[in-house]
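Participant: File name coords-v1.pdb; file contents PDB, C-alpha atoms; full text below.
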ATOM      1  CA  MET A   1     -74.447  12.411 -47.528
ATOM      2  CA  ARG A   2     -73.184   8.876 -47.754
ATOM      3  CA  LEU A   3     -71.106   6.617 -45.564
ATOM      4  CA  SER A   4     -68.268   4.702 -47.155
ATOM      5  CA  GLN A   5     -69.013   1.150 -48.190
ATOM      6  CA  GLY A   6     -66.376  -0.126 -45.788
ATOM      7  CA  VAL A   7     -68.665   0.695 -42.868
ATOM      8  CA  GLU A   8     -70.892  -2.266 -43.726
ATOM      9  CA  TRP A   9     -67.821  -4.502 -44.001
ATOM     10  CA  GLY A  10     -66.442  -3.371 -40.664
ATOM     11  CA  LEU A  11     -69.736  -3.876 -38.840
ATOM     12  CA  HIS A  12     -70.205  -7.361 -40.320
ATOM     13  CA  CYS A  13     -66.609  -8.381 -39.593
ATOM     14  CA  ALA A  14     -66.896  -7.239 -35.978
ATOM     15  CA  ALA A  15     -70.221  -9.065 -35.657
ATOM     16  CA  LEU A  16     -68.666 -12.245 -37.099
ATOM     17  CA  ILE A  17     -65.598 -12.183 -34.839
ATOM     18  CA  GLY A  18     -67.904 -11.383 -31.920
ATOM     19  CA  GLN A  19     -69.859 -14.608 -32.570
ATOM     20  CA  LEU A  20     -66.819 -16.804 -32.069
ATOM     21  CA  PRO A  21     -65.330 -17.917 -28.739
ATOM     22  CA  PRO A  22     -63.585 -14.957 -27.037
ATOM     23  CA  GLY A  23     -60.048 -14.444 -28.312
ATOM     24  CA  THR A  24     -60.617 -16.213 -31.624
ATOM     25  CA  ALA A  25     -58.527 -14.647 -34.395
ATOM     26  CA  VAL A  26     -59.831 -14.735 -37.975
ATOM     27  CA  SER A  27     -57.489 -14.152 -40.897
ATOM     28  CA  ARG A  28     -58.045 -11.396 -43.419
ATOM     29  CA  ARG A  29     -58.382 -14.019 -46.117
ATOM     30  CA  ALA A  30     -61.034 -15.944 -44.198
ATOM     31  CA  LEU A  31     -63.026 -12.746 -43.555
ATOM     32  CA  ALA A  32     -62.804 -11.741 -47.231
ATOM     33  CA  ARG A  33     -63.951 -15.196 -48.357
ATOM     34  CA  HIS A  34     -66.755 -15.356 -45.844
ATOM     35  CA  PHE A  35     -68.320 -12.114 -47.089
ATOM     36  CA  GLY A  36     -67.135 -12.326 -50.712
ATOM     37  CA  LEU A  37     -65.134  -9.099 -50.388
ATOM     38  CA  PRO A  38     -61.948  -7.983 -52.175
ATOM     39  CA  GLU A  39     -59.178  -8.849 -49.717
ATOM     40  CA  SER A  40     -56.997  -5.813 -50.476
ATOM     41  CA  TYR A  41     -59.824  -3.330 -49.861
ATOM     42  CA  LEU A  42     -60.954  -5.152 -46.755
ATOM     43  CA  ALA A  43     -57.380  -4.911 -45.448
ATOM     44  CA  LYS A  44     -57.757  -1.129 -45.257
ATOM     45  CA  GLN A  45     -60.879  -1.329 -43.112
ATOM     46  CA  LEU A  46     -59.319  -3.935 -40.820
ATOM     47  CA  GLN A  47     -56.206  -1.797 -40.385
ATOM     48  CA  ALA A  48     -58.372   1.238 -39.598
ATOM     49  CA  MET A  49     -60.085  -0.816 -36.883
ATOM     50  CA  VAL A  50     -56.705  -1.903 -35.515
ATOM     51  CA  ARG A  51     -55.555   1.732 -35.368
ATOM     52  CA  ALA A  52     -58.762   2.656 -33.531
ATOM     53  CA  GLY A  53     -58.169  -0.018 -30.882
ATOM     54  CA  ILE A  54     -61.151  -2.133 -31.977
ATOM     55  CA  LEU A  55     -59.230  -5.101 -33.385
ATOM     56  CA  LEU A  56     -55.882  -6.650 -32.528
ATOM     57  CA  ALA A  57     -53.827  -8.115 -35.357
ATOM     58  CA  SER A  58     -51.526 -11.083 -34.841
ATOM     59  CA  SER A  59     -49.347 -12.885 -37.339
ATOM     60  CA  GLY A  60     -48.382 -16.547 -37.748
ATOM     61  CA  PRO A  61     -50.316 -19.644 -38.864
ATOM     62  CA  HIS A  62     -53.077 -19.029 -36.301
ATOM     63  CA  GLY A  63     -52.893 -15.255 -36.613
ATOM     64  CA  GLY A  64     -55.564 -12.879 -37.723
ATOM     65  CA  PHE A  65     -57.879 -10.297 -36.241
ATOM     66  CA  ARG A  66     -59.602 -10.529 -32.895
ATOM     67  CA  LEU A  67     -61.503  -8.042 -30.780
ATOM     68  CA  ALA A  68     -59.162  -5.746 -28.857
ATOM     69  CA  ARG A  69     -61.710  -5.173 -26.083
ATOM     70  CA  ALA A  70     -64.699  -6.980 -24.627
ATOM     71  CA  SER A  71     -67.550  -7.118 -27.152
ATOM     72  CA  SER A  72     -69.675  -5.059 -24.761
ATOM     73  CA  GLU A  73     -67.008  -2.335 -24.827
ATOM     74  CA  ILE A  74     -67.008  -1.790 -28.598
ATOM     75  CA  THR A  75     -69.854   0.235 -30.050
ATOM     76  CA  ALA A  76     -71.198   0.536 -33.583
ATOM     77  CA  LEU A  77     -70.143   4.193 -33.410
ATOM     78  CA  ASP A  78     -66.539   3.157 -32.629
ATOM     79  CA  ILE A  79     -66.503   1.007 -35.779
ATOM     80  CA  LEU A  80     -68.159   3.668 -37.919
ATOM     81  CA  GLU A  81     -65.837   6.424 -36.836
ATOM     82  CA  ALA A  82     -62.790   4.175 -37.234
ATOM     83  CA  ILE A  83     -63.700   3.582 -40.884
ATOM     84  CA  ASP A  84     -65.531   6.724 -41.944
ATOM     85  CA  GLY A  85     -63.838   9.260 -39.688
ATOM     86  CA  THR A  86     -65.245  11.480 -36.969
ATOM     87  CA  ALA A  87     -65.947  14.601 -39.052
ATOM     88  CA  PRO A  88     -69.546  15.766 -38.637
ATOM     89  CA  PRO A  89     -71.589  15.754 -41.865
ATOM     90  CA  PHE A  90     -72.467  19.447 -41.608
ATOM     91  CA  VAL A  91     -69.542  21.815 -42.047
ATOM     92  CA  CYS A  92     -70.435  25.367 -40.990
ATOM     93  CA  GLN A  93     -68.807  27.858 -43.346
ATOM     94  CA  GLU A  94     -69.933  30.765 -41.155
ATOM     95  CA  ILE A  95     -71.915  32.399 -43.928
ATOM     96  CA  ARG A  96     -73.553  34.506 -41.210
ATOM     97  CA  GLN A  97     -70.299  36.487 -41.157
ATOM     98  CA  GLN A  98     -70.079  37.175 -44.877
ATOM     99  CA  GLY A  99     -71.891  39.271 -47.499
ATOM    100  CA  SER A 100     -73.785  42.527 -47.073
ATOM    101  CA  GLY A 101     -75.752  40.988 -44.184
ATOM    102  CA  ALA A 102     -72.637  39.909 -42.257
ATOM    103  CA  ALA A 103     -73.369  39.689 -38.554
ATOM    104  CA  PRO A 104     -71.147  41.945 -36.418
ATOM    105  CA  ALA A 105     -68.582  40.219 -34.220
ATOM    106  CA  ARG A 106     -70.617  40.902 -31.057
ATOM    107  CA  ASP A 107     -73.405  38.688 -32.440
ATOM    108  CA  CYS A 108     -71.019  35.851 -33.287
ATOM    109  CA  LYS A 109     -69.571  35.034 -29.882
ATOM    110  CA  ALA A 110     -71.819  31.988 -29.604
ATOM    111  CA  ALA A 111     -71.839  29.278 -32.264
ATOM    112  CA  CYS A 112     -74.217  29.945 -35.142
ATOM    113  CA  GLY A 113     -77.681  28.711 -34.124
ATOM    114  CA  ILE A 114     -78.108  26.818 -37.388
ATOM    115  CA  SER A 115     -74.780  25.093 -36.895
ATOM    116  CA  ALA A 116     -75.885  24.169 -33.357
ATOM    117  CA  ILE A 117     -79.100  22.617 -34.704
ATOM    118  CA  MET A 118     -77.092  20.505 -37.145
ATOM    119  CA  ALA A 119     -74.650  19.486 -34.400
ATOM    120  CA  SER A 120     -77.556  18.390 -32.245
ATOM    121  CA  ALA A 121     -78.885  16.147 -35.039
ATOM    122  CA  HIS A 122     -75.426  14.627 -35.434
ATOM    123  CA  ARG A 123     -75.306  13.909 -31.698
ATOM    124  CA  ALA A 124     -78.679  12.135 -31.951
ATOM    125  CA  TRP A 125     -77.209   9.931 -34.692
ATOM    126  CA  GLN A 126     -74.033   9.293 -32.691
ATOM    127  CA  ASN A 127     -75.999   8.488 -29.538
ATOM    128  CA  SER A 128     -78.109   5.965 -31.422
ATOM    129  CA  LEU A 129     -74.967   4.156 -32.623
ATOM    130  CA  ARG A 130     -73.175   4.525 -29.301
ATOM    131  CA  ALA A 131     -76.016   2.577 -27.699
ATOM    132  CA  ILE A 132     -75.241  -0.474 -29.877
ATOM    133  CA  ASP A 133     -72.351  -2.715 -28.871
ATOM    134  CA  VAL A 134     -70.851  -5.730 -30.639
ATOM    135  CA  ASP A 135     -73.053  -8.043 -28.542
ATOM    136  CA  GLN A 136     -76.059  -6.365 -30.135
ATOM    137  CA  LEU A 137     -74.503  -6.622 -33.596
ATOM    138  CA  VAL A 138     -74.076 -10.355 -32.914
ATOM    139  CA  ALA A 139     -77.686 -10.599 -31.717
ATOM    140  CA  ALA A 140     -78.744  -9.067 -35.052
ATOM    141  CA  VAL A 141     -77.438 -12.190 -36.834
ATOM    142  CA  PRO A 142     -80.020 -15.042 -36.968
ATOM    143  CA  PRO A 143     -79.196 -17.811 -34.394
ATOM    144  CA  THR A 144     -79.016 -20.561 -37.028
ATOM    145  CA  LEU A 145     -76.425 -18.540 -38.916
ATOM    146  CA  ARG A 146     -74.406 -17.893 -35.780
ATOM    147  CA  ALA A 147     -74.302 -21.622 -35.040
ATOM    148  CA  ARG A 148     -73.140 -22.345 -38.584
ATOM    149  CA  ASN A 149     -70.469 -19.634 -38.392
ATOM    150  CA  ARG A 150     -69.132 -21.032 -35.116
ATOM    151  CA  ARG A 151     -68.838 -24.493 -36.705
ATOM    152  CA  GLN A 152     -67.149 -23.114 -39.833
ATOM    153  CA  PHE A 153     -64.599 -21.058 -37.967
ATOM    154  CA  ALA A 154     -63.860 -23.724 -35.376
ATOM    155  CA  LYS A 155     -62.427 -25.733 -38.278
ATOM    156  CA  ALA A 156     -60.885 -22.875 -40.197
ATOM    157  CA  THR A 157     -58.970 -20.987 -37.546
ATOM    158  CA  ARG A 158     -58.040 -23.362 -34.753
TER
ATOM    159  CA  MET B 159     -70.199  11.339 -44.775
ATOM    160  CA  ARG B 160     -70.716  14.961 -45.642
ATOM    161  CA  LEU B 161     -73.719  17.117 -46.442
ATOM    162  CA  SER B 162     -73.500  19.384 -49.464
ATOM    163  CA  GLN B 163     -72.514  22.974 -48.789
ATOM    164  CA  GLY B 164     -75.854  24.161 -50.155
ATOM    165  CA  VAL B 165     -77.570  22.869 -47.019
ATOM    166  CA  GLU B 166     -76.130  25.753 -44.985
ATOM    167  CA  TRP B 167     -77.244  28.198 -47.672
ATOM    168  CA  GLY B 168     -80.768  26.809 -47.788
ATOM    169  CA  LEU B 169     -81.180  26.878 -44.009
ATOM    170  CA  HIS B 170     -79.905  30.466 -43.752
ATOM    171  CA  CYS B 171     -82.057  31.648 -46.671
ATOM    172  CA  ALA B 172     -85.189  30.091 -45.152
ATOM    173  CA  ALA B 173     -84.310  31.639 -41.783
ATOM    174  CA  LEU B 174     -83.829  35.051 -43.415
ATOM    175  CA  ILE B 175     -87.088  34.951 -45.386
ATOM    176  CA  GLY B 176     -88.828  33.684 -42.236
ATOM    177  CA  GLN B 177     -87.696  36.804 -40.331
ATOM    178  CA  LEU B 178     -89.501  39.145 -42.702
ATOM    179  CA  PRO B 179     -93.216  39.983 -42.665
ATOM    180  CA  PRO B 180     -95.243  36.986 -43.946
ATOM    181  CA  GLY B 181     -95.432  36.877 -47.731
ATOM    182  CA  THR B 182     -92.294  38.973 -48.286
ATOM    183  CA  ALA B 183     -90.452  37.866 -51.437
ATOM    184  CA  VAL B 184     -86.658  38.235 -51.600
ATOM    185  CA  SER B 185     -84.855  38.151 -54.924
ATOM    186  CA  ARG B 186     -82.114  35.663 -55.680
ATOM    187  CA  ARG B 187     -79.697  38.541 -56.123
ATOM    188  CA  ALA B 188     -80.564  40.032 -52.725
ATOM    189  CA  LEU B 189     -80.142  36.652 -51.013
ATOM    190  CA  ALA B 190     -76.788  36.097 -52.738
ATOM    191  CA  ARG B 191     -75.556  39.558 -51.735
ATOM    192  CA  HIS B 192     -76.783  39.226 -48.173
ATOM    193  CA  PHE B 193     -74.788  36.047 -47.580
ATOM    194  CA  GLY B 194     -71.937  36.741 -50.020
ATOM    195  CA  LEU B 195     -72.779  33.651 -52.089
ATOM    196  CA  PRO B 196     -72.286  32.969 -55.802
ATOM    197  CA  GLU B 197     -75.685  33.742 -57.307
ATOM    198  CA  SER B 198     -75.628  30.990 -59.933
ATOM    199  CA  TYR B 199     -74.906  28.245 -57.378
ATOM    200  CA  LEU B 200     -77.456  29.642 -54.954
ATOM    201  CA  ALA B 201     -80.026  29.505 -57.761
ATOM    202  CA  LYS B 202     -79.780  25.716 -57.756
ATOM    203  CA  GLN B 203     -80.537  25.458 -54.045
ATOM    204  CA  LEU B 204     -83.447  27.895 -54.320
ATOM    205  CA  GLN B 205     -84.906  25.943 -57.241
ATOM    206  CA  ALA B 206     -84.557  22.702 -55.282
ATOM    207  CA  MET B 207     -86.531  24.308 -52.449
ATOM    208  CA  VAL B 208     -89.190  25.481 -54.916
ATOM    209  CA  ARG B 209     -89.511  21.941 -56.311
ATOM    210  CA  ALA B 210     -89.874  20.591 -52.771
ATOM    211  CA  GLY B 211     -92.724  23.002 -52.008
ATOM    212  CA  ILE B 212     -90.720  24.992 -49.450
ATOM    213  CA  LEU B 213     -90.398  28.239 -51.438
ATOM    214  CA  LEU B 214     -92.617  29.929 -54.013
ATOM    215  CA  ALA B 215     -90.916  31.831 -56.820
ATOM    216  CA  SER B 216     -92.501  34.875 -58.414
ATOM    217  CA  SER B 217     -91.202  37.102 -61.199
ATOM    218  CA  GLY B 218     -91.464  40.820 -61.829
ATOM    219  CA  PRO B 219     -89.903  43.873 -60.147
ATOM    220  CA  HIS B 220     -91.158  42.808 -56.704
ATOM    221  CA  GLY B 221     -90.650  39.105 -57.384
ATOM    222  CA  GLY B 222     -88.410  36.675 -55.611
ATOM    223  CA  PHE B 223     -88.684  33.787 -53.209
ATOM    224  CA  ARG B 224     -91.103  33.538 -50.311
ATOM    225  CA  LEU B 225     -92.105  30.689 -48.031
ATOM    226  CA  ALA B 226     -94.605  28.368 -49.693
ATOM    227  CA  ARG B 227     -96.124  27.321 -46.367
ATOM    228  CA  ALA B 228     -96.422  28.735 -42.867
ATOM    229  CA  SER B 229     -93.006  28.953 -41.210
ATOM    230  CA  SER B 230     -94.220  26.494 -38.558
ATOM    231  CA  GLU B 231     -95.001  23.987 -41.324
ATOM    232  CA  ILE B 232     -91.503  23.875 -42.822
ATOM    233  CA  THR B 233     -88.896  21.813 -40.986
ATOM    234  CA  ALA B 234     -85.112  21.813 -41.136
ATOM    235  CA  LEU B 235     -85.421  18.239 -42.440
ATOM    236  CA  ASP B 236     -87.618  19.447 -45.333
ATOM    237  CA  ILE B 237     -84.905  21.928 -46.337
ATOM    238  CA  LEU B 238     -82.103  19.423 -45.924
ATOM    239  CA  GLU B 239     -83.793  16.711 -47.936
ATOM    240  CA  ALA B 240     -84.770  19.218 -50.649
ATOM    241  CA  ILE B 241     -81.122  20.138 -51.127
ATOM    242  CA  ASP B 242     -79.203  17.010 -50.200
ATOM    243  CA  GLY B 243     -81.757  14.379 -51.171
ATOM    244  CA  THR B 244     -83.530  11.767 -49.098
ATOM    245  CA  ALA B 245     -81.125   8.859 -49.588
ATOM    246  CA  PRO B 246     -80.002   7.406 -46.254
ATOM    247  CA  PRO B 247     -76.239   7.624 -45.609
ATOM    248  CA  PHE B 248     -75.863   3.870 -45.114
ATOM    249  CA  VAL B 249     -76.441   1.786 -48.214
ATOM    250  CA  CYS B 250     -76.801  -1.912 -47.388
ATOM    251  CA  GLN B 251     -75.099  -4.012 -50.051
ATOM    252  CA  GLU B 252     -76.460  -7.212 -48.499
ATOM    253  CA  ILE B 253     -73.029  -8.678 -47.930
ATOM    254  CA  ARG B 254     -74.741 -11.178 -45.609
ATOM    255  CA  GLN B 255     -75.911 -12.922 -48.798
ATOM    256  CA  GLN B 256     -72.539 -13.184 -50.506
ATOM    257  CA  GLY B 257     -69.282 -15.092 -50.076
ATOM    258  CA  SER B 258     -68.695 -18.510 -48.527
ATOM    259  CA  GLY B 259     -70.692 -17.433 -45.468
ATOM    260  CA  ALA B 260     -73.762 -16.360 -47.465
ATOM    261  CA  ALA B 261     -76.893 -16.603 -45.343
ATOM    262  CA  PRO B 262     -79.553 -18.901 -46.810
ATOM    263  CA  ALA B 263     -82.703 -17.240 -48.139
ATOM    264  CA  ARG B 264     -84.755 -18.413 -45.134
ATOM    265  CA  ASP B 265     -82.556 -16.270 -42.853
ATOM    266  CA  CYS B 266     -82.910 -13.189 -45.057
ATOM    267  CA  LYS B 267     -86.649 -12.637 -44.997
ATOM    268  CA  ALA B 268     -86.244  -9.805 -42.505
ATOM    269  CA  ALA B 269     -83.988  -6.823 -43.191
ATOM    270  CA  CYS B 270     -80.368  -7.340 -42.185
ATOM    271  CA  GLY B 271     -80.042  -6.507 -38.485
ATOM    272  CA  ILE B 272     -77.012  -4.310 -39.128
ATOM    273  CA  SER B 273     -78.887  -2.400 -41.799
ATOM    274  CA  ALA B 274     -81.785  -1.956 -39.334
ATOM    275  CA  ILE B 275     -79.392  -0.513 -36.721
ATOM    276  CA  MET B 276     -78.095   1.993 -39.253
ATOM    277  CA  ALA B 277     -81.634   2.884 -40.347
ATOM    278  CA  SER B 278     -82.548   3.526 -36.729
ATOM    279  CA  ALA B 279     -79.633   5.967 -36.336
ATOM    280  CA  HIS B 280     -80.744   7.750 -39.489
ATOM    281  CA  ARG B 281     -84.271   8.055 -38.087
ATOM    282  CA  ALA B 282     -82.850   9.620 -34.905
ATOM    283  CA  TRP B 283     -81.066  12.213 -37.059
ATOM    284  CA  GLN B 284     -84.182  12.843 -39.137
ATOM    285  CA  ASN B 285     -86.369  13.160 -36.036
ATOM    286  CA  SER B 286     -84.000  15.717 -34.557
ATOM    287  CA  LEU B 287     -84.252  17.866 -37.705
ATOM    288  CA  ARG B 288     -87.981  17.254 -38.111
ATOM    289  CA  ALA B 289     -88.473  18.815 -34.665
ATOM    290  CA  ILE B 290     -87.007  22.122 -35.892
ATOM    291  CA  ASP B 291     -89.236  24.430 -37.927
ATOM    292  CA  VAL B 292     -88.420  27.730 -39.653
ATOM    293  CA  ASP B 293     -89.651  29.629 -36.579
ATOM    294  CA  GLN B 294     -86.888  27.933 -34.605
ATOM    295  CA  LEU B 295     -84.328  28.672 -37.320
ATOM    296  CA  VAL B 296     -85.406  32.327 -37.043
ATOM    297  CA  ALA B 297     -85.110  32.184 -33.252
ATOM    298  CA  ALA B 298     -81.530  30.962 -33.722
ATOM    299  CA  VAL B 299     -80.633  34.353 -35.251
ATOM    300  CA  PRO B 300     -79.704  37.013 -32.640
ATOM    301  CA  PRO B 301     -82.600  39.506 -32.113
ATOM    302  CA  THR B 302     -80.455  42.556 -33.001
ATOM    303  CA  LEU B 303     -79.595  40.938 -36.311
ATOM    304  CA  ARG B 304     -83.209  40.081 -37.030
ATOM    305  CA  ALA B 305     -84.199  43.722 -36.442
ATOM    306  CA  ARG B 306     -81.463  44.897 -38.794
ATOM    307  CA  ASN B 307     -82.484  42.382 -41.457
ATOM    308  CA  ARG B 308     -86.122  43.521 -41.268
ATOM    309  CA  ARG B 309     -85.032  47.131 -41.765
ATOM    310  CA  GLN B 310     -82.720  46.234 -44.666
ATOM    311  CA  PHE B 311     -85.284  44.168 -46.526
ATOM    312  CA  ALA B 312     -88.163  46.585 -45.896
ATOM    313  CA  LYS B 313     -86.226  49.002 -48.130
ATOM    314  CA  ALA B 314     -84.863  46.475 -50.590
ATOM    315  CA  THR B 315     -87.913  44.453 -51.531
ATOM    316  CA  ARG B 316     -91.053  46.565 -51.038
TER
END
Take the structure in this file and express it as structure tokens.
Facilitator:
Amino acid sequence: MRLSQGVEWGLHCAALIGQLPPGTAVSRRALARHFGLPESYLAKQLQAMVRAGILLASSGPHGGFRLARASSEITALDILEAIDGTAPPFVCQEIRQQGSGAAPARDCKAACGISAIMASAHRAWQNSLRAIDVDQLVAAVPPTLRARNRRQFAKATR
Amino acid sequence: MRLSQGVEWGLHCAALIGQLPPGTAVSRRALARHFGLPESYLAKQLQAMVRAGILLASSGPHGGFRLARASSEITALDILEAIDGTAPPFVCQEIRQQGSGAAPARDCKAACGISAIMASAHRAWQNSLRAIDVDQLVAAVPPTLRARNRRQFAKATR
């Protein structure tokens, strides 16, 4: 079970944009340089976040990516699911209904209990990430670094 | 992010063995037939559970796999980690320390805040599965099915 590497990129990019004055757009190139990431791969994650309504893309000399909603309205789960998808990690193949021990249909009206246990664990994971918004991602960045980032991007993007 | 298919097999096998009188051993062949699973692939999951101290394997005409500990002492998380490994789904590549925005060493003494948020979500998932023992996996099987399984395996394995 492993999340795609782009999840880390997406969370850091959202945290960086969230540190800047509201409405600031940061170009794909500037984001890639800032984190030392391959620009073409990063483009995919940024586009996924645009499609999910997390980022807004604008073109032109001052264009780039900015938050599409208030930072308090974007959760870590939103970013994760935009990049890694919403499929739960446990896929029930209904093995209770196969083989010589196959459960009869009357015992399979409710979801398989084991599948329900796995779904409950996934909800616990989702709830933990739903409780984190971009403001909290920003707060996870040391204050000295945030101040430096604001100075850097004030020059670079305005 | 996806768990290996063997996780479902391992959980169902533990739940089946847990339904039978304590100490009952079930052969690999009987488990494979019961759930309609390929015996050679199932063997890998069973061996992983033996290595993790969840199952005990015995040979001979009445040999097979039985629980290595009391059913209340084996958790769903034990089974999952035996089969799918213990690696957390989020792997922090420390992108905070790379690129033109690399954080200086003095700001990186603590774990990256984003990595800590992801670790916390993983703990929530683990805690949810750690709260489920084999007795609860057994309870997730409909009572009529449990009674049928006990009858079937009383003949097959004793």
Participant: Can you tell me, as JSON, numbers by chain, what residues are no more than 9 Å from Ala140 (chain A) when counting only C-alpha atoms, ignoring any on the same chain fewer than 6 positions away?
Facilitator: {"A": [15], "B": [270, 271, 272, 274, 275]}
Participant: Mind telling me what the PyMOL selection byres ((chain A and resi 18) around 9) catches here, as a ChimeraX atom specification?
Facilitator: /A:13-17,19-22,24,66-67,71,134-135,137-138
Participant: Spell out the residues picked by the ChimeraX specification (/B :<7) & /A here, as an MDAnalysis selection string.
Facilitator: chainID A and resid 1:3 8 33:36 89:90 92 95:96 98:103 107 113:114 121:122 124:125 128:129 137 140:142 145
Participant: CA of Leu235 (chain B) to CA of Ala201 (chain B): how many Å, to one decimal?
Facilitator: 19.8 Å
Participant: Rounded to one decimal place, report the CA of Lys202 (chain B)-CA of Val184 (chain B) distance in Å.
Facilitator: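 CA of Val184 (chain B) lies 15.6 Å from CA of Lys202 (chain B).
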Participant: Please measure the separation of CA of Ser216 (chain B) and CA of Ser230 (chain B), giving the value in Å to one decimal.
Facilitator: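 About the pair CA of Ser216 (chain B) and CA of Ser230 (chain B): they are 21.6 Å apart.
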Participant: At a cut-off of 8 Å from (-61.1, -0.2, -28.3) in the coordinates of the file, what residues are picked up using all atoms listed in the file, written as a PyMOL selection string?
Facilitator: chain A and resi 52-55+68-69+73-74+78
Participant: Put the listed atoms of region 24-38 of chain A in a box along x, y and z with 4 Å added on every side and give me the centre and edge lengths in Å to one decimal, as lines of an AutoDock Vina configuration file.
Facilitator:
center_x = -62.9
center_y = -12.1
center_z = -41.9
size_x = 18.8
size_y = 16.2
size_z = 28.6
